[in-house]
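What's in data19.tsv: TSV, C-alpha atoms and all ligand atoms
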chain	number	residue	atom	x	y	z
A	1	MET	CA	-13.49	22.72	12.92
A	2	THR	CA	-12.80	19.58	10.96
A	3	THR	CA	-14.83	16.59	9.91
A	4	ARG	CA	-13.77	13.17	11.15
A	5	LEU	CA	-13.80	10.91	8.10
A	6	LEU	CA	-15.05	7.50	9.23
A	7	HIS	CA	-14.20	5.83	5.91
A	8	MET	CA	-10.50	6.35	6.57
A	9	HIS	CA	-10.54	3.48	9.08
A	10	ASP	CA	-13.60	1.56	7.96
A	11	ASN	CA	-14.85	1.59	4.37
A	12	TYR	CA	-17.98	-0.37	5.27
A	13	VAL	CA	-19.71	2.17	7.55
A	14	ARG	CA	-23.06	2.79	5.88
A	15	GLU	CA	-24.96	4.59	8.65
A	16	PHE	CA	-23.75	6.92	11.36
A	17	ASP	CA	-24.85	9.62	13.82
A	18	ALA	CA	-23.39	13.11	13.62
A	19	THR	CA	-23.84	16.73	14.63
A	20	VAL	CA	-24.24	19.60	12.17
A	21	ILE	CA	-21.34	21.97	12.83
A	22	GLU	CA	-21.93	24.38	9.97
A	23	VAL	CA	-24.76	25.25	7.60
A	24	ARG	CA	-23.86	26.48	4.12
A	25	ASP	CA	-26.05	27.80	1.32
A	26	ASP	CA	-25.81	24.48	-0.48
A	27	GLY	CA	-25.26	21.96	2.29
A	28	VAL	CA	-23.95	21.05	5.73
A	29	VAL	CA	-20.69	20.23	7.44
A	30	LEU	CA	-20.84	17.46	10.06
A	31	ASP	CA	-18.49	16.66	12.95
A	32	GLN	CA	-18.06	13.19	11.48
A	33	THR	CA	-19.20	11.39	8.37
A	34	ALA	CA	-19.03	8.12	6.48
A	35	PHE	CA	-19.71	9.95	3.18
A	36	TYR	CA	-16.64	9.93	0.95
A	37	PRO	CA	-15.75	13.49	-0.08
A	38	GLU	CA	-14.73	13.67	-3.73
A	39	GLY	CA	-10.99	13.39	-4.13
A	40	GLY	CA	-8.15	11.27	-5.44
A	41	GLY	CA	-10.20	10.64	-8.57
A	42	GLN	CA	-13.11	9.06	-6.69
A	43	SER	CA	-16.58	10.61	-6.92
A	44	GLY	CA	-18.17	12.08	-3.79
A	45	ASP	CA	-20.84	10.03	-2.00
A	46	ARG	CA	-24.59	10.45	-2.15
A	47	GLY	CA	-27.17	9.46	0.41
A	48	THR	CA	-29.55	10.90	3.00
A	49	LEU	CA	-29.43	12.85	6.25
A	50	THR	CA	-32.34	12.95	8.67
A	51	ASP	CA	-33.01	14.55	12.05
A	52	GLY	CA	-36.12	12.47	12.62
A	53	VAL	CA	-38.40	15.18	11.19
A	54	HIS	CA	-36.72	16.33	8.00
A	55	ARG	CA	-35.05	14.15	5.46
A	56	ALA	CA	-32.49	15.66	3.09
A	57	THR	CA	-31.02	14.11	-0.01
A	58	VAL	CA	-27.26	14.50	-0.34
A	59	THR	CA	-26.38	14.73	-4.05
A	60	THR	CA	-22.63	14.72	-3.58
A	61	THR	CA	-19.96	15.35	-0.95
A	62	ARG	CA	-16.97	17.57	-1.46
A	63	LYS	CA	-13.77	18.16	0.47
A	64	GLU	CA	-13.07	21.65	1.76
A	65	LYS	CA	-10.24	22.63	4.11
A	66	GLY	CA	-10.35	19.60	6.38
A	67	THR	CA	-14.12	19.34	6.23
A	68	ALA	CA	-16.64	17.46	4.11
A	69	VAL	CA	-19.54	19.47	2.72
A	70	HIS	CA	-22.67	17.38	2.17
A	71	VAL	CA	-24.41	19.06	-0.76
A	72	ILE	CA	-28.19	19.16	-0.26
A	73	GLU	CA	-30.62	19.94	-3.01
A	74	GLY	CA	-33.52	22.34	-2.46
A	75	GLY	CA	-32.49	24.06	0.77
A	76	VAL	CA	-30.94	22.85	4.01
A	77	PRO	CA	-33.59	21.82	6.57
A	78	PHE	CA	-31.17	21.58	9.52
A	79	THR	CA	-29.65	24.16	11.86
A	80	THR	CA	-26.22	24.17	13.46
A	81	GLY	CA	-26.11	21.82	16.44
A	82	ALA	CA	-28.76	19.46	15.05
A	83	SER	CA	-28.25	15.73	15.53
A	84	VAL	CA	-28.62	13.83	12.29
A	85	ARG	CA	-28.39	10.26	11.10
A	86	GLY	CA	-26.61	9.76	7.82
A	87	ALA	CA	-27.03	6.89	5.39
A	88	VAL	CA	-24.62	6.40	2.51
A	89	ASP	CA	-26.17	5.43	-0.83
A	90	TRP	CA	-24.60	2.00	-0.96
A	91	GLU	CA	-25.71	1.32	-4.54
A	92	TRP	CA	-23.46	4.24	-5.48
A	93	ARG	CA	-20.59	3.72	-3.07
A	94	TYR	CA	-20.01	-0.04	-3.11
A	95	PRO	CA	-19.34	-0.15	-6.88
A	96	CYS	CA	-16.92	2.77	-6.36
A	97	MET	CA	-15.06	0.61	-3.81
A	98	ARG	CA	-14.88	-2.31	-6.24
A	99	PHE	CA	-13.75	-0.03	-9.06
A	100	HIS	CA	-11.15	1.73	-6.93
A	101	THR	CA	-9.45	-1.46	-5.74
A	102	ALA	CA	-9.62	-2.81	-9.31
A	103	GLN	CA	-7.90	0.34	-10.58
A	104	HIS	CA	-5.04	-0.15	-8.12
A	105	VAL	CA	-4.54	-3.73	-9.36
A	106	LEU	CA	-4.75	-2.63	-13.02
A	107	SER	CA	-2.21	0.13	-12.37
A	108	ARG	CA	0.19	-2.24	-10.64
A	109	TYR	CA	-0.20	-4.79	-13.43
A	110	LEU	CA	0.59	-2.18	-16.09
A	111	GLN	CA	3.54	-0.91	-14.06
A	112	LEU	CA	5.04	-4.38	-13.61
A	113	ASN	CA	4.37	-5.72	-17.10
A	114	TYR	CA	4.61	-2.64	-19.30
A	115	GLY	CA	6.59	-0.14	-17.21
A	116	LEU	CA	3.67	2.31	-17.21
A	117	GLU	CA	3.01	5.04	-14.72
A	118	THR	CA	-0.51	5.98	-13.62
A	119	VAL	CA	-0.96	9.71	-14.19
A	120	GLY	CA	-4.67	10.16	-13.47
A	121	ASN	CA	-7.89	8.34	-12.65
A	122	MET	CA	-11.64	8.79	-12.35
A	123	ILE	CA	-13.59	6.34	-10.20
A	124	LYS	CA	-17.34	6.18	-10.81
A	125	PRO	CA	-19.90	3.45	-9.98
A	126	ASP	CA	-20.67	2.39	-13.57
A	127	ARG	CA	-17.47	2.91	-15.51
A	128	SER	CA	-14.05	4.11	-14.44
A	129	ARG	CA	-10.90	5.20	-16.19
A	130	ALA	CA	-7.23	5.75	-15.61
A	131	ASP	CA	-4.49	7.45	-17.63
A	132	TYR	CA	-1.18	5.74	-18.29
A	133	SER	CA	2.16	6.97	-19.56
A	134	PRO	CA	4.04	6.36	-21.77
A	135	LEU	CA	1.39	4.52	-23.77
A	136	GLU	CA	0.79	5.43	-27.41
A	137	HIS	CA	-0.93	2.29	-28.62
A	138	PHE	CA	-3.18	-0.26	-27.04
A	139	ASP	CA	-4.24	-3.02	-29.42
A	140	GLU	CA	-6.67	-5.94	-29.05
A	141	ASP	CA	-3.92	-8.38	-28.11
A	142	MET	CA	-2.69	-6.17	-25.32
A	143	LYS	CA	-6.26	-5.57	-24.14
A	144	ARG	CA	-6.92	-9.31	-23.90
A	145	SER	CA	-3.64	-10.00	-22.21
A	146	VAL	CA	-4.15	-7.23	-19.62
A	147	GLU	CA	-7.72	-8.38	-18.88
A	148	GLU	CA	-6.55	-11.96	-18.39
A	149	GLY	CA	-3.60	-10.95	-16.23
A	150	VAL	CA	-5.57	-8.59	-14.01
A	151	ASN	CA	-8.49	-10.99	-13.62
A	152	GLU	CA	-6.19	-13.79	-12.58
A	153	ILE	CA	-4.96	-11.54	-9.74
A	154	LEU	CA	-8.44	-10.36	-8.72
A	155	LEU	CA	-9.66	-13.96	-8.54
A	156	ARG	CA	-6.82	-14.89	-6.18
A	157	GLY	CA	-8.96	-13.37	-3.42
A	158	LEU	CA	-6.30	-11.06	-2.02
A	159	ASP	CA	-7.06	-9.33	1.28
A	160	VAL	CA	-6.98	-5.54	1.24
A	161	GLU	CA	-5.42	-3.92	4.29
A	162	ILE	CA	-5.35	-0.25	5.29
A	163	ARG	CA	-2.28	0.79	7.25
A	164	PHE	CA	-1.33	4.19	8.65
A	165	MET	CA	2.36	5.00	8.46
A	166	PRO	CA	4.49	8.03	9.32
A	167	ARG	CA	5.31	9.99	6.15
A	168	GLU	CA	9.00	9.07	5.81
A	169	GLU	CA	8.38	5.44	6.70
A	170	ALA	CA	5.62	5.19	4.09
A	171	ILE	CA	7.77	6.72	1.34
A	172	ALA	CA	10.72	4.46	2.20
A	173	PHE	CA	8.49	1.38	2.33
A	174	LEU	CA	6.86	2.09	-1.04
A	175	LYS	CA	10.17	2.94	-2.72
A	176	GLU	CA	11.89	-0.16	-1.41
A	177	LYS	CA	9.09	-2.34	-2.79
A	178	GLY	CA	9.23	-0.62	-6.17
A	179	TYR	CA	5.74	0.88	-5.95
A	180	GLN	CA	4.88	4.16	-7.61
A	181	THR	CA	5.93	7.07	-5.37
A	182	ARG	CA	6.17	10.14	-7.61
A	183	TYR	CA	3.00	11.70	-6.27
A	184	LEU	CA	3.91	11.12	-2.64
A	185	GLU	CA	6.59	13.79	-2.79
A	186	MET	CA	3.90	16.27	-3.89
A	187	VAL	CA	1.75	15.70	-0.80
A	188	PRO	CA	2.06	18.81	1.43
A	189	LYS	CA	4.70	18.44	4.16
A	190	SER	CA	1.97	19.14	6.73
A	191	VAL	CA	0.67	15.62	6.12
A	192	SER	CA	2.72	13.60	8.59
A	193	GLU	CA	0.89	10.29	8.27
A	194	PHE	CA	0.06	8.38	5.10
A	195	ARG	CA	-2.75	5.93	4.61
A	196	VAL	CA	-1.35	2.99	2.70
A	197	VAL	CA	-3.67	0.55	0.95
A	198	LEU	CA	-2.12	-2.91	0.58
A	199	ILE	CA	-3.60	-5.50	-1.77
A	200	GLY	CA	-2.18	-8.82	-0.61
A	201	ASP	CA	1.52	-8.81	-1.42
A	202	TYR	CA	0.76	-7.58	-4.94
A	203	ASP	CA	0.32	-3.83	-4.47
A	204	ALA	CA	0.67	-0.99	-2.01
A	205	ALA	CA	-0.22	2.64	-2.60
A	206	SER	CA	-0.85	5.78	-0.61
A	207	CYS	CA	-4.55	6.45	-1.06
A	208	ALA	CA	-7.42	8.03	0.90
A	209	GLY	CA	-10.11	6.34	-1.20
A	210	THR	CA	-12.55	3.58	-0.36
A	211	HIS	CA	-11.70	-0.05	-1.06
A	212	VAL	CA	-13.17	-3.52	-0.71
A	213	ARG	CA	-11.86	-5.96	1.91
A	214	ASN	CA	-10.95	-8.65	-0.57
A	215	THR	CA	-10.41	-8.64	-4.35
A	216	ARG	CA	-12.97	-11.46	-4.58
A	217	GLU	CA	-15.67	-8.78	-4.12
A	218	ILE	CA	-14.64	-7.09	-7.36
A	219	GLY	CA	-15.49	-9.79	-9.87
A	220	THR	CA	-13.62	-9.32	-13.13
A	221	ILE	CA	-12.47	-6.39	-15.20
A	222	ARG	CA	-13.45	-5.63	-18.77
A	223	ILE	CA	-11.43	-3.07	-20.68
A	224	GLY	CA	-13.43	-0.80	-22.95
A	225	LYS	CA	-12.24	1.88	-25.30
A	226	THR	CA	-8.96	3.66	-24.89
A	227	LYS	CA	-7.96	7.04	-26.21
A	228	ASN	CA	-4.90	9.16	-26.62
A	229	VAL	CA	-4.97	12.16	-24.28
A	230	GLY	CA	-1.73	13.75	-25.46
A	231	ALA	CA	1.89	13.82	-24.31
A	232	GLY	CA	2.24	10.05	-24.62
A	233	LYS	CA	-0.69	9.44	-22.29
A	234	ARG	CA	-3.49	7.02	-22.98
A	235	ARG	CA	-6.81	6.83	-21.16
A	236	ILE	CA	-8.18	3.35	-20.48
A	237	TYR	CA	-11.88	2.93	-19.65
A	238	PHE	CA	-13.03	-0.18	-17.82
A	239	THR	CA	-16.12	-1.82	-16.41
A	240	LEU	CA	-16.58	-4.69	-13.94
A	241	ASP	CA	-18.51	-7.91	-14.17
A	242	PRO	CA	-19.74	-8.79	-10.67
A	243	PRO	CA	-18.49	-11.95	-8.91
A	244	ARG	CA	-20.28	-15.11	-9.99
A	301	ZN	ZN	-6.48	5.04	-4.89
As structure tokens, how would this structure be written, given the file I've shared?
Ligand SMILES: [Zn+2]
Amino acid sequence: MTTRLLHMHDNYVREFDATVIEVRDDGVVLDQTAFYPEGGGQSGDRGTLTDGVHRATVTTTRKEKGTAVHVIEGGVPFTTGASVRGAVDWEWRYPCMRFHTAQHVLSRYLQLNYGLETVGNMIKPDRSRADYSPLEHFDEDMKRSVEEGVNEILLRGLDVEIRFMPREEAIAFLKEKGYQTRYLEMVPKSVSEFRVVLIGDYDAASCAGTHVRNTREIGTIRIGKTKNVGAGKRRIYFTLDPPR
């Protein structure tokens, strides 16, 4: 049994109805969910599940063999077959969406202007980070110039589109446009369709994460500290200032 992930097609689903298909010691698996299961560097969603009698707090959601396990603290009050209504903690998720789209723009900017490759990321609602290579130094001038460059793009108000493409077509499309494709080859061959996130005509990337509809929702980026994480890689932390 698998969980249908509603966020794959619509990142703005905040409430949904579902059936409990499995009860675990620490949570439940649903037939469908709008909760984002941790993955691709983005934190798992929080929120609540209720059957009209009991109300359970979901502390995180994790991916497990085609399913999403909603982790519930203090015992699972539901049984298999129960109908529940889920509500995503939007205060947690929406910033993750803004941060995730911002990270894609930052990564594209650093690829185009500094020839850097993104080798890791961690999307959280208050502060996010991404690792870039090869990047030994990152001084104040570069910081200012990257902030200015990225913010100019975010403020263009680019529409974000999610497109599903057959595997080979997606790889060919991304390669032809000069987007980063190294990780695509590592995706198991069993995955025959890729979800491609396009940010205007500026960026495209294969990603299962959650994103905003328009870069205008992000506001502006502020780069914080950076640190060397070995092998020519540098970690860049960033925060967002909401749209004015
Ligand atoms: Zn992504």
With only C-alpha atoms as the counted atoms, please give the residues lying no more than 8 Å from Gly120 of chain A, apart from itself and same-chain residues fewer than 3 positions off, as an NGL selection string. :A and (41 or 130-132)
Protein and nucleic acid residues within 10 Å of ligand ZN 301 (chain A) (all atoms listed in the file) as a PyMOL selection string: chain A and resi 39-42+97+99-104+107+121-123+196-197+204-211
Thr67 of chain A surroundings by all atoms listed in the file, 12 Å radius, close-in-sequence under 6 positions cut, as a compact mmCIF listing (two decimals) with C-alpha atoms, in the frame of the given file:
# COMPACT_ATOMS: atom_id res chain seq x y z
CA MET A 1 -13.49 22.72 12.92
CA THR A 2 -12.80 19.58 10.96
CA THR A 3 -14.83 16.59 9.91
CA ARG A 4 -13.77 13.17 11.15
CA LEU A 5 -13.80 10.91 8.10
CA VAL A 20 -24.24 19.60 12.17
CA ILE A 21 -21.34 21.97 12.83
CA GLU A 22 -21.93 24.38 9.97
CA VAL A 28 -23.95 21.05 5.73
CA VAL A 29 -20.69 20.23 7.44
CA LEU A 30 -20.84 17.46 10.06
CA ASP A 31 -18.49 16.66 12.95
CA GLN A 32 -18.06 13.19 11.48
CA THR A 33 -19.20 11.39 8.37
CA PHE A 35 -19.71 9.95 3.18
CA TYR A 36 -16.64 9.93 0.95
CA PRO A 37 -15.75 13.49 -0.08
CA GLU A 38 -14.73 13.67 -3.73
CA THR A 61 -19.96 15.35 -0.95
Distance in Å - atom CA of Glu147 of chain A versus atom CA of Leu135 of chain A: 16.5 Å
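Note that the spacing between atom CA of Arg234 of chain A and atom CA of Glu152 of chain A amounts to 23.4 Å.
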Contact residues around Leu116 of chain A with all atoms listed in the file at 7 Å, ignoring same-chain residues under 4 positions, as a ChimeraX atom specification: /A:110-111,132-134
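Of note, atom CA of Arg93 of chain A and atom CA of Met8 of chain A are spaced 14.2 Å apart.
Residues within 10 Å of segment 88-91 of chain A, counting all atoms listed in the file and excluding same-chain residues fewer than 6 positions away, are A:Tyr12, A:Val13, A:Arg14, A:Glu15, A:Phe16, A:Thr33, A:Ala34, A:Phe35, A:Tyr36, A:Asp45, A:Arg46, A:Gly47, A:Thr48, A:Leu49, A:Thr57, A:Val58, A:Thr59, A:Pro125.
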Selection file, C-alpha atoms, as a CSV table (one decimal), keeping the file's coordinate frame:
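Result file is again.csv:
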chain,number,residue,atom,x,y,z
A,12,TYR,CA,-18.0,-0.4,5.3
A,13,VAL,CA,-19.7,2.2,7.6
A,14,ARG,CA,-23.1,2.8,5.9
A,15,GLU,CA,-25.0,4.6,8.6
A,16,PHE,CA,-23.8,6.9,11.4
A,33,THR,CA,-19.2,11.4,8.4
A,34,ALA,CA,-19.0,8.1,6.5
A,35,PHE,CA,-19.7,10.0,3.2
A,36,TYR,CA,-16.6,9.9,1.0
A,45,ASP,CA,-20.8,10.0,-2.0
A,46,ARG,CA,-24.6,10.4,-2.2
A,47,GLY,CA,-27.2,9.5,0.4
A,48,THR,CA,-29.6,10.9,3.0
A,49,LEU,CA,-29.4,12.8,6.2
A,57,THR,CA,-31.0,14.1,0.0
A,58,VAL,CA,-27.3,14.5,-0.3
A,59,THR,CA,-26.4,14.7,-4.0
A,125,PRO,CA,-19.9,3.4,-10.0
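Minimum atom-to-atom distance to Arg244 of chain A, evaluated using only C-alpha atoms, belongs to A:Arg216 out of A:Arg144, A:Lys225, A:His9, A:Arg216.
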